[in-house]
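Visitor: Take a look at work05.txt, compact mmCIF, C-alpha atoms (C1' of nucleotides):
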# COMPACT_ATOMS: atom_id res chain seq x y z
CA MET Y 1 123.61 -13.35 140.12
CA ASP Y 2 120.49 -15.46 139.54
CA TRP Y 3 116.93 -14.36 140.18
CA ASN Y 4 113.66 -16.22 140.27
CA GLN Y 5 110.98 -15.32 137.79
CA GLU Y 6 109.20 -12.79 139.99
CA GLN Y 7 112.39 -11.00 140.96
CA CYS Y 8 113.31 -10.99 137.32
CA LYS Y 9 110.08 -9.23 136.34
CA GLY Y 10 110.65 -6.71 139.08
CA GLN Y 11 114.15 -6.00 137.80
CA ILE Y 12 112.84 -5.49 134.27
CA MET Y 13 110.21 -3.06 135.49
CA ALA Y 14 112.76 -1.19 137.60
CA VAL Y 15 115.17 -0.84 134.69
CA HIS Y 16 112.36 0.47 132.51
CA ASP Y 17 111.37 2.92 135.22
CA ALA Y 18 114.90 4.27 135.27
CA MET Y 19 115.23 4.39 131.49
CA ASP Y 20 111.88 6.15 131.06
CA VAL Y 21 113.08 8.99 133.24
CA LEU Y 22 116.22 9.41 131.15
CA SER Y 23 114.80 8.55 127.73
CA GLY Y 24 114.35 10.84 124.75
CA LYS Y 25 116.72 12.84 122.72
CA TRP Y 26 117.36 15.68 125.14
CA LYS Y 27 117.03 14.78 128.82
CA ILE Y 28 120.60 13.61 129.34
CA SER Y 29 121.93 16.79 127.78
CA ILE Y 30 119.72 18.95 129.95
CA ILE Y 31 120.73 17.10 133.08
CA ALA Y 32 124.37 17.39 132.08
CA VAL Y 33 124.07 21.15 131.62
CA LEU Y 34 122.45 21.50 135.02
CA CYS Y 35 125.11 19.25 136.47
CA PHE Y 36 127.85 21.36 134.93
CA LYS Y 37 126.45 24.84 135.41
CA HIS Y 38 124.37 24.23 138.53
CA LYS Y 39 121.77 26.95 137.95
CA ARG Y 40 120.46 28.02 134.57
CA ARG Y 41 117.64 30.03 133.09
CA PHE Y 42 115.33 28.72 130.38
CA SER Y 43 117.04 30.72 127.67
CA ASP Y 44 120.48 29.71 128.95
CA ILE Y 45 119.65 26.03 128.61
CA LEU Y 46 118.12 26.74 125.21
CA ALA Y 47 121.50 28.08 124.15
CA ASP Y 48 123.56 25.43 125.94
CA VAL Y 49 121.76 22.45 124.48
CA LYS Y 50 122.55 22.77 120.80
CA GLY Y 51 119.60 22.16 118.52
CA ILE Y 52 116.78 21.94 121.02
CA SER Y 53 113.63 23.99 120.39
CA ASN Y 54 111.82 25.95 123.06
CA LYS Y 55 108.90 23.58 122.77
CA MET Y 56 110.98 20.49 123.42
CA LEU Y 57 112.90 22.18 126.20
CA SER Y 58 109.69 23.21 127.90
CA LYS Y 59 108.31 19.69 127.60
CA GLU Y 60 111.44 17.97 128.86
CA LEU Y 61 111.87 20.36 131.78
CA LYS Y 62 108.29 19.64 132.82
CA GLU Y 63 108.92 15.91 132.80
CA LEU Y 64 112.13 16.27 134.78
CA GLU Y 65 110.31 18.44 137.28
CA ILE Y 66 107.48 15.93 137.63
CA ASN Y 67 110.13 13.36 138.41
CA LYS Y 68 111.57 15.73 141.01
CA LEU Y 69 114.98 15.69 139.41
CA ILE Y 70 115.04 19.43 138.84
CA SER Y 71 113.41 22.40 140.51
CA ARG Y 72 111.89 25.42 138.84
CA THR Y 73 112.01 28.75 140.63
CA VAL Y 74 110.62 32.03 139.36
CA GLU Y 75 112.80 34.92 140.42
CA ASP Y 76 110.97 38.19 140.96
CA THR Y 77 113.25 40.26 138.75
CA GLN Y 78 112.48 42.55 135.84
CA PRO Y 79 111.86 40.87 133.53
CA ILE Y 80 111.15 37.74 135.49
CA THR Y 81 113.68 34.97 135.17
CA VAL Y 82 113.06 31.30 135.73
CA ASN Y 83 115.86 29.22 137.16
CA TYR Y 84 116.24 25.51 136.87
CA GLU Y 85 118.59 23.39 138.92
CA LEU Y 86 119.16 19.79 139.87
CA THR Y 87 117.49 18.85 143.11
CA GLU Y 88 119.39 16.98 145.75
CA TYR Y 89 117.44 13.95 144.68
CA GLY Y 90 118.41 14.61 141.06
CA GLN Y 91 122.02 14.30 142.11
CA THR Y 92 121.45 10.67 143.01
CA LEU Y 93 121.43 10.12 139.26
CA GLN Y 94 125.11 10.92 139.02
CA THR Y 95 126.22 7.42 139.97
CA VAL Y 96 123.97 5.67 137.50
CA ILE Y 97 124.73 8.19 134.75
CA GLY Y 98 128.41 7.77 135.46
CA GLN Y 99 128.10 4.01 135.08
CA LEU Y 100 126.18 4.41 131.83
CA ALA Y 101 128.84 6.75 130.53
CA ASP Y 102 131.64 4.37 131.47
CA TRP Y 103 129.97 1.40 129.84
CA GLY Y 104 128.95 3.43 126.78
CA SER Y 105 132.45 4.72 126.32
CA ALA Y 106 133.97 1.25 126.61
CA HIS Y 107 131.31 -0.09 124.26
CA ARG Y 108 132.09 2.46 121.58
CA LYS Y 109 135.73 1.44 121.70
CA TYR Y 110 134.84 -2.25 121.67
CA ILE Y 111 132.54 -1.98 118.65
CA MET Y 112 134.51 0.54 116.63
CA GLY Y 113 137.97 -0.56 117.57
CA LYS Y 114 138.02 -4.29 116.91
CA MET S 1 132.41 15.80 140.10
CA ASP S 2 132.91 18.68 137.70
CA TRP S 3 133.85 18.36 134.03
CA ASN S 4 134.95 20.87 131.46
CA GLN S 5 132.80 21.45 128.41
CA GLU S 6 134.55 18.92 126.19
CA GLN S 7 134.50 16.18 128.80
CA CYS S 8 130.86 17.00 129.35
CA LYS S 9 130.04 16.47 125.67
CA GLY S 10 131.93 13.19 125.74
CA GLN S 11 129.94 12.04 128.74
CA ILE S 12 126.68 12.89 127.04
CA MET S 13 127.66 10.95 123.95
CA ALA S 14 128.77 7.98 126.03
CA VAL S 15 125.52 7.89 127.96
CA HIS S 16 123.58 8.02 124.70
CA ASP S 17 125.70 5.21 123.30
CA ALA S 18 124.83 3.07 126.28
CA MET S 19 121.14 3.97 126.21
CA ASP S 20 120.85 3.29 122.48
CA VAL S 21 122.02 -0.25 123.01
CA LEU S 22 119.40 -0.83 125.69
CA SER S 23 116.60 1.30 124.28
CA GLY S 24 113.27 0.16 122.92
CA LYS S 25 110.42 -1.71 124.40
CA TRP S 26 111.91 -5.21 124.42
CA LYS S 27 115.70 -5.33 124.71
CA ILE S 28 115.90 -5.31 128.49
CA SER S 29 113.37 -8.12 128.70
CA ILE S 30 115.27 -10.19 126.17
CA ILE S 31 118.55 -9.65 127.96
CA ALA S 32 116.91 -10.53 131.24
CA VAL S 33 115.58 -13.80 129.84
CA LEU S 34 119.00 -14.68 128.51
CA CYS S 35 120.50 -13.69 131.82
CA PHE S 36 118.05 -15.88 133.68
CA LYS S 37 117.86 -18.92 131.40
CA HIS S 38 121.33 -18.70 129.89
CA LYS S 39 120.54 -20.40 126.56
CA ARG S 40 117.27 -20.10 124.69
CA ARG S 41 115.84 -20.82 121.27
CA PHE S 42 113.96 -18.26 119.18
CA SER S 43 110.59 -19.75 120.01
CA ASP S 44 111.48 -20.04 123.68
CA ILE S 45 112.23 -16.34 123.92
CA LEU S 46 109.08 -15.63 121.95
CA ALA S 47 107.15 -17.43 124.68
CA ASP S 48 109.19 -16.00 127.59
CA VAL S 49 108.83 -12.37 126.60
CA LYS S 50 105.12 -11.81 126.92
CA GLY S 51 103.60 -9.84 124.09
CA ILE S 52 106.49 -9.65 121.69
CA SER S 53 105.90 -10.56 118.04
CA ASN S 54 108.26 -12.69 115.97
CA LYS S 55 109.08 -9.68 113.85
CA MET S 56 110.13 -7.54 116.79
CA LEU S 57 112.02 -10.40 118.39
CA SER S 58 113.91 -11.03 115.19
CA LYS S 59 114.75 -7.35 114.86
CA GLU S 60 115.86 -6.92 118.46
CA LEU S 61 117.97 -10.07 118.45
CA LYS S 62 119.74 -8.82 115.34
CA GLU S 63 120.55 -5.50 117.00
CA LEU S 64 121.80 -7.20 120.14
CA GLU S 65 123.95 -9.48 118.02
CA ILE S 66 125.39 -6.54 116.07
CA ASN S 67 126.33 -5.05 119.41
CA LYS S 68 127.98 -8.36 120.35
CA LEU S 69 125.88 -8.70 123.46
CA ILE S 70 124.39 -12.01 122.40
CA SER S 71 125.51 -14.83 120.14
CA ARG S 72 123.41 -16.79 117.69
CA THR S 73 124.30 -20.41 117.01
CA VAL S 74 122.51 -22.75 114.66
CA GLU S 75 122.53 -26.29 116.05
CA ASP S 76 122.55 -29.04 113.45
CA THR S 77 119.62 -30.93 114.90
CA GLN S 78 116.39 -32.11 113.26
CA PRO S 79 114.67 -29.76 112.92
CA ILE S 80 117.39 -27.18 113.26
CA THR S 81 117.35 -25.11 116.41
CA VAL S 82 118.81 -21.67 116.84
CA ASN S 83 120.23 -20.81 120.21
CA TYR S 84 120.80 -17.38 121.60
CA GLU S 85 122.90 -16.60 124.64
CA LEU S 86 124.60 -13.67 126.32
CA THR S 87 128.21 -13.32 125.28
CA GLU S 88 130.89 -12.83 127.88
CA TYR S 89 130.94 -9.22 126.78
CA GLY S 90 127.17 -9.04 127.18
CA GLN S 91 127.63 -9.98 130.81
CA THR S 92 129.50 -6.72 131.39
CA LEU S 93 126.06 -5.12 131.20
CA GLN S 94 125.01 -6.73 134.45
CA THR S 95 126.62 -4.05 136.61
CA VAL S 96 125.07 -1.16 134.75
CA ILE S 97 121.69 -2.88 134.48
CA GLY S 98 121.87 -3.63 138.18
CA GLN S 99 122.50 0.04 138.92
CA LEU S 100 119.63 1.09 136.69
CA ALA S 101 117.34 -1.37 138.43
CA ASP S 102 118.38 -0.14 141.87
CA TRP S 103 117.85 3.48 140.98
CA GLY S 104 114.60 2.75 139.13
CA SER S 105 113.23 0.81 142.06
CA ALA S 106 114.14 3.56 144.53
CA HIS S 107 112.68 6.14 142.17
CA ARG S 108 109.36 4.35 141.94
CA LYS S 109 109.12 4.34 145.71
CA TYR S 110 110.16 8.00 145.91
CA ILE S 111 107.60 9.18 143.39
CA MET S 112 104.71 6.95 144.35
CA GLY S 113 105.30 6.84 148.06
CA LYS S 114 105.65 10.45 149.09
C1' DA K 1 102.18 53.61 120.25
C1' DG K 2 105.29 50.22 118.73
C1' DT K 3 108.96 47.01 119.60
C1' DC K 4 111.84 43.81 122.34
C1' DC K 5 112.86 40.14 125.66
C1' DA K 6 111.84 36.17 128.44
C1' DT K 7 109.12 32.16 128.98
C1' DG K 8 106.41 29.71 127.31
C1' DT K 9 101.89 27.54 124.40
C1' DT K 10 99.19 25.94 120.21
C1' DA K 11 98.41 23.85 115.93
C1' DC K 12 100.30 21.34 112.46
C1' DT K 13 103.79 18.33 110.07
C1' DT K 14 107.40 14.80 109.78
C1' DA K 15 110.08 10.98 111.35
C1' DT K 16 110.76 6.91 114.00
C1' DA K 17 109.19 2.88 116.62
C1' DA K 18 106.07 -0.65 117.11
C1' DG K 19 102.29 -3.72 115.75
C1' DT K 20 99.49 -6.81 112.40
C1' DT K 21 98.81 -10.03 109.04
C1' DA K 22 100.30 -12.96 105.82
C1' DC K 23 103.68 -15.75 103.89
C1' DC K 24 108.18 -18.81 103.00
C1' DG K 25 111.35 -23.10 102.99
C1' DG K 26 112.71 -27.24 104.87
C1' DG K 27 111.82 -30.99 107.57
C1' DT K 28 108.14 -34.06 110.35
C1' DT K 29 104.31 -36.26 111.66
C1' DA K 30 99.40 -38.22 110.82
C1' DT N 1 99.46 -35.76 100.79
C1' DA N 2 97.97 -32.62 104.07
C1' DA N 3 98.68 -30.04 108.04
C1' DC N 4 102.29 -28.59 111.44
C1' DC N 5 106.62 -26.78 113.66
C1' DC N 6 110.66 -23.77 113.47
C1' DG N 7 112.88 -19.59 112.39
C1' DG N 8 112.25 -16.25 110.27
C1' DT N 9 110.81 -12.20 106.18
C1' DA N 10 107.77 -8.72 103.73
C1' DA N 11 104.17 -5.42 103.18
C1' DC N 12 101.30 -2.50 105.35
C1' DT N 13 99.16 0.12 109.31
C1' DT N 14 99.15 2.52 113.75
C1' DA N 15 101.16 4.92 117.54
C1' DT N 16 104.59 7.76 119.60
C1' DA N 17 108.34 11.10 119.49
C1' DA N 18 110.23 15.04 117.58
C1' DG N 19 110.35 19.24 114.75
C1' DT N 20 108.47 23.86 112.80
C1' DA N 21 106.24 28.09 112.76
C1' DA N 22 103.43 31.19 114.64
C1' DC N 23 101.36 33.38 118.57
C1' DA N 24 100.64 34.89 123.75
C1' DT N 25 101.63 37.52 128.07
C1' DG N 26 103.53 41.09 130.71
C1' DG N 27 106.73 44.38 131.72
C1' DA N 28 110.61 47.62 129.88
C1' DC N 29 112.56 50.60 126.51
C1' DT N 30 112.34 54.15 122.59
Please express the file's structure as structure tokens.
Guide:
Amino acid sequence: MDWNQEQCKGQIMAVHDAMDVLSGKWKISIIAVLCFKHKRRFSDILADVKGISNKMLSKELKELEINKLISRTVEDTQPITVNYELTEYGQTLQTVIGQLADWGSAHRKYIMGK
Amino acid sequence: MDWNQEQCKGQIMAVHDAMDVLSGKWKISIIAVLCFKHKRRFSDILADVKGISNKMLSKELKELEINKLISRTVEDTQPITVNYELTEYGQTLQTVIGQLADWGSAHRKYIMGK
DNA sequence: AGTCCATGTTACTTATAAGTTACCGGGTTA
DNA sequence: TAACCCGGTAACTTATAAGTAACATGGACT
């Protein structure tokens, strides 16, 4: 496919928009956990995502929420629990993440293997 | 789609592998230029990618070359010119970059628009 | 009253990415 | 011979991301 210069700039911006949402050391792992376990509390995710600190988790969850990929709901239990889950919109990421995973997996083989 | 825990870890690693290759402020722009103009010299790319410094360009080109996404060929002209172009393998990125662009573009509209 | 858990926040430090400025070698042009 | 172009490299600075440790709040439990 060929684009003109303006379309090209738009594509670059769009790719960066997508990458910004997924960038950083932890977001993919958090999304994956929520993808896999569907509904998790703060402390659950803290345990699921090996190595993350509560500070980083808090920060990343906020960013994901701002981007409407996950929802945060406070359950009125004792003590209160806070549940996070992928929104319906967040699920639209599955295709693109799947593609990234496929390419990344093939790339690892290509670079390591030959 | 549901994965078990091991498959899940593999997916996360694969996504990170893919993102690492594309990460940073400049790589997508460089790839886009090479996608659009097919064959470019160092100084051409320096001019095409607005704002990049020769140091960063040099560094990013090296990384892309290590990942076999672009090729570097020294032409025996006077003065010598160095051409960079996407490898055939590098072109396999087009699908995944296209997907990222589509999602990123939709995301921008979703977040800004409503 | 003191301690624990859950869900964070604050202040501070460290590591990584990016930017700036200057310079190099080899050939070219004025 | 002096200044210039090309394709970089090197040393240093600045900005951004991530990590660490301690503390906060509010209810429950001992």
Visitor: Atom CA of Y:Ala14 and atom CA of S:Glu63 are how many Å apart?
Guide: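 Separating atom CA of Y:Ala14 from atom CA of S:Glu63 is a distance of 22.4 Å.
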Visitor: Could I get the residues of chain K with an atom no further than 10 Å from an atom of chain Y, each paired with its nearest atom pair and that distance in Å to one decimal, using all atoms listed in the file, sorted by chain and residue number, as a tab-separated table?
Guide:
residue	atom	partner	partner_atom	distance
K:DC5	C1'	Y:Pro79	CA	8.0
K:DA6	C1'	Y:Pro79	CA	6.9
K:DT7	C1'	Y:Phe42	CA	7.2
K:DG8	C1'	Y:Ser58	CA	7.3
K:DT9	C1'	Y:Lys55	CA	8.2
Visitor: Counting only C-alpha atoms, which residues of chain Y fall within 8 Å of chain S, and what is the closest atom pair for each with its distance in Å at one decimal, ordered by chain and rising number, as a tab-separated table?
Guide:
residue	atom	partner	partner_atom	distance
Y:Asp2	CA	S:Phe36	CA	6.4
Y:Trp3	CA	S:Phe36	CA	6.8
Y:Asn4	CA	S:Phe36	CA	7.9
Y:Cys8	CA	S:Ala32	CA	7.1
Y:Gln11	CA	S:Ala101	CA	5.7
Y:Ile12	CA	S:Ser29	CA	6.2
Y:Met13	CA	S:Ala101	CA	7.9
Y:Ala14	CA	S:Gly104	CA	4.6
Y:Val15	CA	S:Ala101	CA	4.4
Y:His16	CA	S:Gly104	CA	7.4
Y:Asp17	CA	S:Gly104	CA	5.1
Y:Ala18	CA	S:Gly104	CA	4.2
Y:Met19	CA	S:Leu100	CA	7.6
Y:Ser23	CA	S:Met19	CA	8.0
Y:Ile28	CA	S:Ile12	CA	6.5
Y:Ser29	CA	S:Ile12	CA	6.2
Y:Ala32	CA	S:Cys8	CA	7.1
Y:Cys35	CA	S:Asp2	CA	7.9
Y:Phe36	CA	S:Asp2	CA	6.4
Y:Asn67	CA	S:Ile111	CA	7.0
Y:Leu93	CA	S:Trp103	CA	7.7
Y:Val96	CA	S:Gln99	CA	6.0
Y:Ile97	CA	S:Val15	CA	6.8
Y:Gln99	CA	S:Val96	CA	6.0
Y:Leu100	CA	S:Val15	CA	5.2
Y:Ala101	CA	S:Val15	CA	4.4
Y:Asp102	CA	S:Ala14	CA	7.1
Y:Trp103	CA	S:Ala18	CA	6.5
Y:Gly104	CA	S:Ala18	CA	4.2
Y:Ser105	CA	S:Ala14	CA	4.9
Y:His107	CA	S:Ala18	CA	7.5
Y:Arg108	CA	S:Asp17	CA	7.2
Y:Ile111	CA	S:Asn67	CA	7.0
Visitor: Let's have the selection written as an mmCIF file, in the coordinates of the input, with C-alpha atoms.
Guide:
data_model
loop_
_atom_site.group_PDB
_atom_site.id
_atom_site.type_symbol
_atom_site.label_atom_id
_atom_site.label_comp_id
_atom_site.auth_asym_id
_atom_site.auth_seq_id
_atom_site.Cartn_x
_atom_site.Cartn_y
_atom_site.Cartn_z
ATOM 1 C CA ASP Y 2 120.490 -15.460 139.540
ATOM 2 C CA TRP Y 3 116.930 -14.360 140.180
ATOM 3 C CA ASN Y 4 113.660 -16.220 140.270
ATOM 4 C CA CYS Y 8 113.310 -10.990 137.320
ATOM 5 C CA GLN Y 11 114.150 -6.000 137.800
ATOM 6 C CA ILE Y 12 112.840 -5.490 134.270
ATOM 7 C CA MET Y 13 110.210 -3.060 135.490
ATOM 8 C CA ALA Y 14 112.760 -1.190 137.600
ATOM 9 C CA VAL Y 15 115.170 -0.840 134.690
ATOM 10 C CA HIS Y 16 112.360 0.470 132.510
ATOM 11 C CA ASP Y 17 111.370 2.920 135.220
ATOM 12 C CA ALA Y 18 114.900 4.270 135.270
ATOM 13 C CA MET Y 19 115.230 4.390 131.490
ATOM 14 C CA SER Y 23 114.800 8.550 127.730
ATOM 15 C CA ILE Y 28 120.600 13.610 129.340
ATOM 16 C CA SER Y 29 121.930 16.790 127.780
ATOM 17 C CA ALA Y 32 124.370 17.390 132.080
ATOM 18 C CA CYS Y 35 125.110 19.250 136.470
ATOM 19 C CA PHE Y 36 127.850 21.360 134.930
ATOM 20 C CA ASN Y 67 110.130 13.360 138.410
ATOM 21 C CA LEU Y 93 121.430 10.120 139.260
ATOM 22 C CA VAL Y 96 123.970 5.670 137.500
ATOM 23 C CA ILE Y 97 124.730 8.190 134.750
ATOM 24 C CA GLN Y 99 128.100 4.010 135.080
ATOM 25 C CA LEU Y 100 126.180 4.410 131.830
ATOM 26 C CA ALA Y 101 128.840 6.750 130.530
ATOM 27 C CA ASP Y 102 131.640 4.370 131.470
ATOM 28 C CA TRP Y 103 129.970 1.400 129.840
ATOM 29 C CA GLY Y 104 128.950 3.430 126.780
ATOM 30 C CA SER Y 105 132.450 4.720 126.320
ATOM 31 C CA HIS Y 107 131.310 -0.090 124.260
ATOM 32 C CA ARG Y 108 132.090 2.460 121.580
ATOM 33 C CA ILE Y 111 132.540 -1.980 118.650
#
Visitor: Using all atoms listed in the file for the distances, tell me which of S:Glu85, S:Asp44, S:Glu6, S:Glu65 is nearest to chain N.
Guide: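 Counting all atoms listed in the file, the residue closest to chain N is S:Asp44.
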Visitor: Residues near stretch 18-23 of chain K, anyone? I mean within 10 Å using only C-alpha atoms (C1' of nucleotides), not counting same-chain ones fewer than 3 positions away, as a PyMOL selection string.
Guide: (chain S and resi 24-25+52-53+55-56) or (chain N and resi 9-16)
Visitor: Only C-alpha atoms (C1' of nucleotides), please: the residues just picked out, written as a short mmCIF file (atom, residue, chain, number, x, y, z; two decimals), keeping the file's coordinate frame.
Guide:
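What landed in out_4.cif:
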data_model
loop_
_atom_site.label_atom_id
_atom_site.label_comp_id
_atom_site.auth_asym_id
_atom_site.auth_seq_id
_atom_site.Cartn_x
_atom_site.Cartn_y
_atom_site.Cartn_z
CA GLY S 24 113.27 0.16 122.92
CA LYS S 25 110.42 -1.71 124.40
CA ILE S 52 106.49 -9.65 121.69
CA SER S 53 105.90 -10.56 118.04
CA LYS S 55 109.08 -9.68 113.85
CA MET S 56 110.13 -7.54 116.79
"C1'" DT N 9 110.81 -12.20 106.18
"C1'" DA N 10 107.77 -8.72 103.73
"C1'" DA N 11 104.17 -5.42 103.18
"C1'" DC N 12 101.30 -2.50 105.35
"C1'" DT N 13 99.16 0.12 109.31
"C1'" DT N 14 99.15 2.52 113.75
"C1'" DA N 15 101.16 4.92 117.54
"C1'" DT N 16 104.59 7.76 119.60
#
Visitor: Take atom CA of Y:Thr87 and atom CA of Y:Ile70 and report the distance between them in Å, one decimal.
Guide: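 Straight-line distance from atom CA of Y:Thr87 to atom CA of Y:Ile70 works out to 5.0 Å.
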Visitor: I'd like the interatomic distance between atom CA of S:Lys39 and atom C1' of K:DA17, to a tenth of an Å.
Guide: 27.7 Å
Visitor: Using all atoms listed in the file, find the residues of chain N whose closest atom to chain Y is at most 10 Å away, then write them as JSON, numbers by chain.
Guide: {"N": [17, 18, 19, 20, 26, 27, 28]}
Visitor: Which polymer residues have any atom within 12 Å of an atom of N:DT30, counting only C-alpha atoms (C1' of nucleotides), with same-chain residues fewer than 5 positions away left out, as a count of residues only?
Guide: 4
Visitor: Report as a compact mmCIF listing (two decimals) with C-alpha atoms (C1' of nucleotides), keeping the file's coordinate frame all protein, DNA and RNA residues lying within 10 Å of N:DC5, evaluated on all atoms listed in the file, omitting residues in the same chain fewer than 4 positions from it.
Guide:
# COMPACT_ATOMS: atom_id res chain seq x y z
CA PRO S 79 114.67 -29.76 112.92
C1' DG K 27 111.82 -30.99 107.57
C1' DT K 28 108.14 -34.06 110.35
C1' DT K 29 104.31 -36.26 111.66
